[in-house]
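Source file: model17.txt (compact mmCIF, C-alpha atoms)
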# COMPACT_ATOMS: atom_id res chain seq x y z
CA MET A 1 -52.45 21.96 20.61
CA LYS A 2 -51.39 18.36 19.93
CA LYS A 3 -50.20 19.41 16.45
CA ILE A 4 -47.99 22.16 17.92
CA ILE A 5 -46.42 19.74 20.42
CA PHE A 6 -45.93 17.12 17.68
CA TYR A 7 -44.23 19.61 15.29
CA SER A 8 -42.11 21.00 18.13
CA CYS A 9 -40.92 17.49 19.01
CA CYS A 10 -40.13 16.79 15.33
CA PHE A 11 -38.16 20.03 15.10
CA VAL A 12 -36.12 19.20 18.23
CA ALA A 13 -35.55 15.62 16.97
CA LEU A 14 -34.24 16.93 13.63
CA ILE A 15 -31.81 19.25 15.39
CA LEU A 16 -30.59 16.44 17.63
CA LEU A 17 -30.20 14.02 14.71
CA SER A 18 -28.29 16.55 12.63
CA ASN A 19 -25.84 17.00 15.51
CA CYS A 20 -25.41 13.25 16.06
CA LYS A 21 -23.58 12.71 12.77
CA ASP A 22 -20.33 13.92 14.29
CA ASN A 23 -20.11 16.45 17.06
CA LYS A 24 -16.71 17.57 15.80
CA THR A 25 -17.61 19.04 12.43
CA VAL A 26 -15.25 21.31 10.60
CA ASP A 27 -16.73 24.68 9.71
CA VAL A 28 -16.48 24.18 5.97
CA ASN A 29 -18.47 27.33 5.22
CA GLN A 30 -15.66 29.44 6.65
CA ASN A 31 -13.23 28.44 3.91
CA GLU A 32 -14.05 27.38 0.37
CA GLN A 33 -11.18 24.86 0.15
CA TYR A 34 -12.63 22.62 2.90
CA LYS A 35 -16.09 22.21 1.35
CA SER A 36 -15.34 18.60 0.37
CA ILE A 37 -14.46 17.60 3.94
CA ASP A 38 -17.47 17.28 6.22
CA THR A 39 -16.08 16.15 9.54
CA LEU A 40 -12.97 16.24 11.65
CA GLN A 41 -12.94 12.44 11.49
CA GLU A 42 -12.67 12.57 7.68
CA LEU A 43 -10.02 15.27 7.89
CA VAL A 44 -7.93 13.17 10.31
CA ALA A 45 -8.31 10.11 8.05
CA ARG A 46 -7.01 12.14 5.11
CA GLY A 47 -4.14 13.41 7.26
CA SER A 48 -3.23 9.86 8.30
CA TYR A 49 -3.14 8.83 4.65
CA LEU A 50 -0.90 11.77 3.70
CA VAL A 51 1.49 11.40 6.67
CA ASN A 52 1.94 7.70 5.91
CA ALA A 53 2.25 8.18 2.14
CA ILE A 54 4.76 11.02 2.50
CA GLY A 55 6.87 9.06 5.01
CA CYS A 56 7.03 11.35 8.05
CA ASP A 57 8.01 8.29 10.13
CA ASP A 58 11.27 8.03 8.19
CA CYS A 59 12.91 10.90 10.10
CA HIS A 60 10.52 11.70 12.96
CA SER A 61 10.02 8.23 14.52
CA PRO A 62 12.83 6.41 16.34
CA LYS A 63 13.55 2.95 14.98
CA LYS A 64 14.32 -0.46 16.47
CA MET A 65 17.03 -2.45 14.73
CA THR A 66 16.03 -5.95 13.65
CA PRO A 67 17.84 -8.61 11.58
CA GLN A 68 15.88 -7.25 8.58
CA GLY A 69 16.88 -3.65 9.31
CA PRO A 70 15.24 -0.76 11.15
CA ILE A 71 11.51 -0.75 11.96
CA ILE A 72 9.43 2.04 13.52
CA ASP A 73 9.34 2.06 17.31
CA LEU A 74 5.56 2.46 17.64
CA ASP A 75 5.87 3.34 21.36
CA ARG A 76 7.78 6.48 20.35
CA ARG A 77 6.15 7.21 17.00
CA PHE A 78 6.64 10.80 15.76
CA SER A 79 8.51 11.78 18.96
CA GLY A 80 11.63 12.85 17.05
CA HIS A 81 15.22 12.17 17.98
CA PRO A 82 15.34 10.67 21.49
CA SER A 83 16.77 13.24 23.90
CA ASP A 84 18.67 10.53 25.83
CA GLU A 85 20.35 8.98 22.79
CA THR A 86 24.05 9.81 22.54
CA LEU A 87 25.76 10.28 19.21
CA TYR A 88 28.85 8.34 18.28
CA LYS A 89 32.07 10.17 17.58
CA ILE A 90 32.02 11.75 14.14
CA ASP A 91 35.07 11.77 11.88
CA LYS A 92 34.98 15.31 10.47
CA ASN A 93 37.30 14.31 7.62
CA ASN A 94 34.46 12.32 6.04
CA ILE A 95 31.95 15.20 6.09
CA GLY A 96 31.67 18.03 3.62
CA PRO A 97 30.53 18.84 0.10
CA GLY A 98 31.06 15.79 -2.10
CA LYS A 99 31.70 13.55 0.89
CA TRP A 100 29.49 11.43 3.17
CA ILE A 101 26.21 12.25 4.87
CA PHE A 102 25.51 10.08 7.94
CA MET A 103 22.47 8.94 9.93
CA ASN A 104 22.32 7.36 13.37
CA ASN A 105 20.82 3.90 14.02
CA SER A 106 17.35 5.24 14.84
CA LEU A 107 17.41 7.35 11.65
CA THR A 108 16.55 10.51 13.60
CA ALA A 109 19.95 12.29 13.59
CA PHE A 110 21.65 13.42 10.39
CA VAL A 111 25.22 14.60 9.85
CA GLY A 112 26.39 16.57 6.83
CA PRO A 113 28.00 19.83 5.76
CA TRP A 114 25.23 21.66 7.71
CA GLY A 115 26.34 20.02 10.98
CA VAL A 116 23.99 17.71 12.88
CA SER A 117 20.21 17.97 12.57
CA PHE A 118 17.60 16.01 14.49
CA GLY A 119 14.10 14.81 13.61
CA ALA A 120 11.57 17.03 15.42
CA ASN A 121 8.90 15.85 17.86
CA LEU A 122 5.61 15.97 15.95
CA THR A 123 3.40 14.70 18.76
CA PRO A 124 0.83 16.95 20.48
CA ASP A 125 2.93 17.15 23.66
CA ASP A 126 4.19 20.62 24.68
CA THR A 127 7.72 19.43 23.84
CA GLY A 128 6.47 18.76 20.30
CA MET A 129 3.65 20.47 18.43
CA GLY A 130 1.30 20.71 21.41
CA ASN A 131 1.13 24.50 21.34
CA TRP A 132 1.42 24.95 17.57
CA THR A 133 -1.32 26.61 15.56
CA PHE A 134 -2.20 25.59 12.04
CA ASP A 135 -0.41 28.75 10.87
CA ASN A 136 2.80 27.52 12.56
CA PHE A 137 2.49 24.17 10.80
CA LYS A 138 1.80 25.84 7.46
CA THR A 139 4.74 28.24 7.85
CA ALA A 140 7.08 25.37 8.73
CA LEU A 141 6.12 23.33 5.68
CA ARG A 142 5.66 26.19 3.22
CA GLU A 143 8.53 28.47 4.23
CA GLY A 144 10.88 26.03 5.99
CA LYS A 145 10.86 27.98 9.25
CA PHE A 146 11.77 26.26 12.54
CA LYS A 147 8.65 25.77 14.71
CA GLY A 148 6.71 27.66 12.05
CA ILE A 149 7.87 31.02 13.38
CA LYS A 150 8.73 33.48 10.63
CA ASP A 151 11.81 35.02 12.28
CA GLN A 152 13.32 31.65 13.30
CA ARG A 153 16.13 29.77 11.55
CA MET A 154 15.51 27.65 8.48
CA LEU A 155 14.77 23.95 8.79
CA LEU A 156 17.86 21.85 8.14
CA PRO A 157 18.36 18.88 5.81
CA PRO A 158 17.09 16.32 5.28
CA MET A 159 13.68 17.97 5.94
CA PRO A 160 12.20 18.27 2.41
CA TRP A 161 10.00 21.30 3.08
CA GLN A 162 10.71 22.53 -0.46
CA ASN A 163 8.60 19.59 -1.70
CA PHE A 164 5.88 19.95 0.95
CA LYS A 165 5.32 23.62 0.15
CA ASN A 166 3.33 22.45 -2.87
CA LEU A 167 0.69 20.69 -0.75
CA THR A 168 -2.71 22.37 -0.65
CA ASP A 169 -3.96 24.15 2.45
CA SER A 170 -6.55 21.39 2.77
CA ASP A 171 -3.86 18.68 2.79
CA LEU A 172 -1.74 20.60 5.30
CA ARG A 173 -4.80 21.08 7.54
CA ALA A 174 -5.53 17.33 7.34
CA MET A 175 -1.95 16.46 8.34
CA PHE A 176 -2.01 18.96 11.19
CA GLU A 177 -5.30 17.59 12.53
CA TYR A 178 -3.96 14.03 12.28
CA PHE A 179 -0.81 14.89 14.27
CA LYS A 180 -3.07 16.33 17.00
CA THR A 181 -4.58 12.83 17.43
CA VAL A 182 -1.37 10.80 17.90
CA LYS A 183 -0.06 9.85 21.34
CA PRO A 184 1.64 12.84 23.04
CA ILE A 185 5.24 11.97 23.95
CA LYS A 186 7.42 14.14 26.16
CA ASN A 187 10.76 14.41 24.38
CA ILE A 188 12.87 17.54 24.08
CA VAL A 189 14.78 17.10 20.84
CA PRO A 190 18.35 18.50 21.00
CA ASN A 191 19.25 21.70 19.20
CA PRO A 192 21.19 21.30 15.93
CA ILE A 193 24.96 21.21 16.14
CA PRO A 194 26.64 23.60 13.69
CA PRO A 195 29.53 22.32 11.56
CA THR A 196 31.99 24.16 13.80
CA GLY A 197 30.74 22.17 16.81
CA LEU A 198 31.51 18.75 15.34
Represent the supplied structure as structure tokens.
Amino acid sequence: MKKIIFYSCCFVALILLSNCKDNKTVDVNQNEQYKSIDTLQELVARGSYLVNAIGCDDCHSPKKMTPQGPIIDLDRRFSGHPSDETLYKIDKNNIGPGKWIFMNNSLTAFVGPWGVSFGANLTPDDTGMGNWTFDNFKTALREGKFKGIKDQRMLLPPMPWQNFKNLTDSDLRAMFEYFKTVKPIKNIVPNPIPPTGL
């Protein structure tokens, strides 16, 4: 009887220990491409590396101007173009093919022949990517579709989705999981302004 109790306790202990490693494991058996990533923590770390290496902050994080130039406003990181920031008057004569392309001071609004585009909110707030699925994220970066919805408009410059479409599913999943961990920021980014509206 003592042997049965002892082996039962060992069995329960093994189950508990195997679950203590990380209670947020990714089901790697479901998809062959994730077999090298054991935990959500490792996936998020990979996503952080990719997001920082690729430079998502460049267009999706408002900046503060310093004597050395713009730096990332960490309080609003990945929140996209600030909804309360007004744009300066644009001289349409300087815009067009072969002419200038402009950016605002926070480097989140871009003016060119396509009109005005704004850096999207990538935070997990509902005004950003809070209700996105991984399929939405993948469609946005692979097919250049706004909000990752197939029948939506195309993403506008300077979003380089044509380069990102070459990332593996595993890399895209890592980036998506990382963005789900950043601070949610409520910020409704304005709609693009077509060239005729300038």
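Minimum atom-to-atom distances from A:Asp135, A:Asp58, A:Asp73, A:Glu85 to A:Pro160 were compared using all atoms listed in the file, and the lowest value belongs to A:Asp58.
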With all atoms listed in the file as the basis for distance, which of A:Thr39, A:Pro195, A:Cys56, A:Ile72 is at the shortest distance from A:Phe110?
->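 Closest to A:Phe110 of all the choices is A:Pro195.
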All residues 12 Å or closer to A:Leu167, only C-alpha atoms, same chain fewer than 2 positions away omitted, as number ranges by chain | A: 47, 50-51, 54, 138, 141-142, 161-165, 169-175
Give the answer as one residue: which of A:Leu198, A:Ile101, A:Met65, A:Val189 has the shortest atom-to-atom distance to A:Gly80, using only C-alpha atoms?
->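 Counting only C-alpha atoms, the residue closest to A:Gly80 is A:Val189.
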When distances are computed from all atoms listed in the file, which of A:Phe118, A:Tyr178, A:Trp132, A:Phe146 shows the smallest separation from A:Ser106?
->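 Residue with the minimum atom-to-atom distance to A:Ser106: A:Phe118.
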Atom pair atom CA of A:Val111 / atom CA of A:Leu155: separation (Å) =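 So the answer is 14.1 Å.
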Would you mind telling me which residue in A:Arg76, A:Lys63, A:Arg46, A:His81 lies nearest to A:Pro190 when using all atoms listed in the file?
->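 Smallest separation from A:Pro190 among the options: A:His81.
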Skipping near chain neighbours, those fewer than 5 positions away, what residues fall within 10 Å of A:Lys150 using all atoms listed in the file, listed as an mmCIF file with C-alpha atoms, in the frame of the given file?
data_model
loop_
_atom_site.group_PDB
_atom_site.id
_atom_site.type_symbol
_atom_site.label_atom_id
_atom_site.label_comp_id
_atom_site.auth_asym_id
_atom_site.auth_seq_id
_atom_site.Cartn_x
_atom_site.Cartn_y
_atom_site.Cartn_z
ATOM 1 C CA ASN A 136 2.800 27.520 12.560
ATOM 2 C CA THR A 139 4.740 28.240 7.850
ATOM 3 C CA ALA A 140 7.080 25.370 8.730
ATOM 4 C CA GLU A 143 8.530 28.470 4.230
ATOM 5 C CA GLY A 144 10.880 26.030 5.990
ATOM 6 C CA LYS A 145 10.860 27.980 9.250
#
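Pairwise distance (atom CA of A:Gly130, atom CA of A:Gly148) equals 12.9 Å.
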Restricting the calculation to all atoms listed in the file, which member of A:Pro113, A:Gly96, A:Pro82, A:Pro157 is positioned closest to A:Thr127?
->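 That would be A:Pro82, the residue with the smallest distance to A:Thr127.
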Correct to one decimal, the distance atom CA of A:Lys186-atom CA of A:Pro67 is 29.0 Å
Name all residues at most 12 Å from A:Thr181 (count only C-alpha atoms; drop same-chain ones fewer than 4 positions away) and give them as a PyMOL selection string.
-> chain A and resi 40-41+43-45+47-48+78+122-125+129-130+174-177+185
Completed stretch 76-100 of chain A (N, CA and C atoms) as a CSV table (one decimal), in the frame of the given file:
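Listing of out.csv after writing:
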chain,number,residue,atom,x,y,z
A,76,ARG,N,7.2,5.1,20.4
A,76,ARG,CA,7.8,6.5,20.4
A,76,ARG,C,7.5,7.1,19.0
A,77,ARG,N,6.4,6.7,18.4
A,77,ARG,CA,6.2,7.2,17.0
A,77,ARG,C,6.0,8.7,17.0
A,78,PHE,N,6.7,9.3,16.0
A,78,PHE,CA,6.6,10.8,15.8
A,78,PHE,C,7.2,11.6,16.9
A,79,SER,N,8.0,11.0,17.8
A,79,SER,CA,8.5,11.8,19.0
A,79,SER,C,9.9,12.4,18.6
A,80,GLY,N,10.4,12.2,17.4
A,80,GLY,CA,11.6,12.8,17.0
A,80,GLY,C,12.8,12.1,17.6
A,81,HIS,N,14.0,12.8,17.5
A,81,HIS,CA,15.2,12.2,18.0
A,81,HIS,C,15.1,12.1,19.5
A,82,PRO,N,15.4,10.8,20.0
A,82,PRO,CA,15.3,10.7,21.5
A,82,PRO,C,16.4,11.5,22.2
A,83,SER,N,15.9,12.3,23.2
A,83,SER,CA,16.8,13.2,23.9
A,83,SER,C,17.9,12.5,24.7
A,84,ASP,N,17.7,11.3,25.0
A,84,ASP,CA,18.7,10.5,25.8
A,84,ASP,C,19.6,9.7,25.0
A,85,GLU,N,19.5,9.8,23.7
A,85,GLU,CA,20.4,9.0,22.8
A,85,GLU,C,21.6,9.7,22.5
A,86,THR,N,22.8,9.1,22.8
A,86,THR,CA,24.0,9.8,22.5
A,86,THR,C,24.5,9.5,21.1
A,87,LEU,N,25.2,10.4,20.6
A,87,LEU,CA,25.8,10.3,19.2
A,87,LEU,C,27.2,9.7,19.3
A,88,TYR,N,27.5,8.9,18.3
A,88,TYR,CA,28.8,8.3,18.3
A,88,TYR,C,29.8,9.4,17.8
A,89,LYS,N,31.1,9.2,18.0
A,89,LYS,CA,32.1,10.2,17.6
A,89,LYS,C,32.0,10.3,16.1
A,90,ILE,N,32.1,11.5,15.6
A,90,ILE,CA,32.0,11.8,14.1
A,90,ILE,C,33.4,12.1,13.6
A,91,ASP,N,33.8,11.4,12.5
A,91,ASP,CA,35.1,11.8,11.9
A,91,ASP,C,34.8,12.9,10.9
A,92,LYS,N,35.2,14.1,11.3
A,92,LYS,CA,35.0,15.3,10.5
A,92,LYS,C,35.6,15.2,9.1
A,93,ASN,N,36.6,14.4,8.9
A,93,ASN,CA,37.3,14.3,7.6
A,93,ASN,C,36.4,13.7,6.5
A,94,ASN,N,35.4,13.0,7.0
A,94,ASN,CA,34.5,12.3,6.0
A,94,ASN,C,33.2,13.2,5.7
A,95,ILE,N,33.1,14.4,6.3
A,95,ILE,CA,32.0,15.2,6.1
A,95,ILE,C,32.3,16.4,5.3
A,96,GLY,N,31.5,16.8,4.4
A,96,GLY,CA,31.7,18.0,3.6
A,96,GLY,C,31.1,17.9,2.2
A,97,PRO,N,31.1,18.9,1.5
A,97,PRO,CA,30.5,18.8,0.1
A,97,PRO,C,31.3,17.7,-0.7
A,98,GLY,N,30.5,16.9,-1.3
A,98,GLY,CA,31.1,15.8,-2.1
A,98,GLY,C,31.5,14.6,-1.3
A,99,LYS,N,31.3,14.7,0.0
A,99,LYS,CA,31.7,13.6,0.9
A,99,LYS,C,30.5,12.9,1.4
A,100,TRP,N,30.6,12.2,2.6
A,100,TRP,CA,29.5,11.4,3.2
A,100,TRP,C,28.5,12.3,3.9
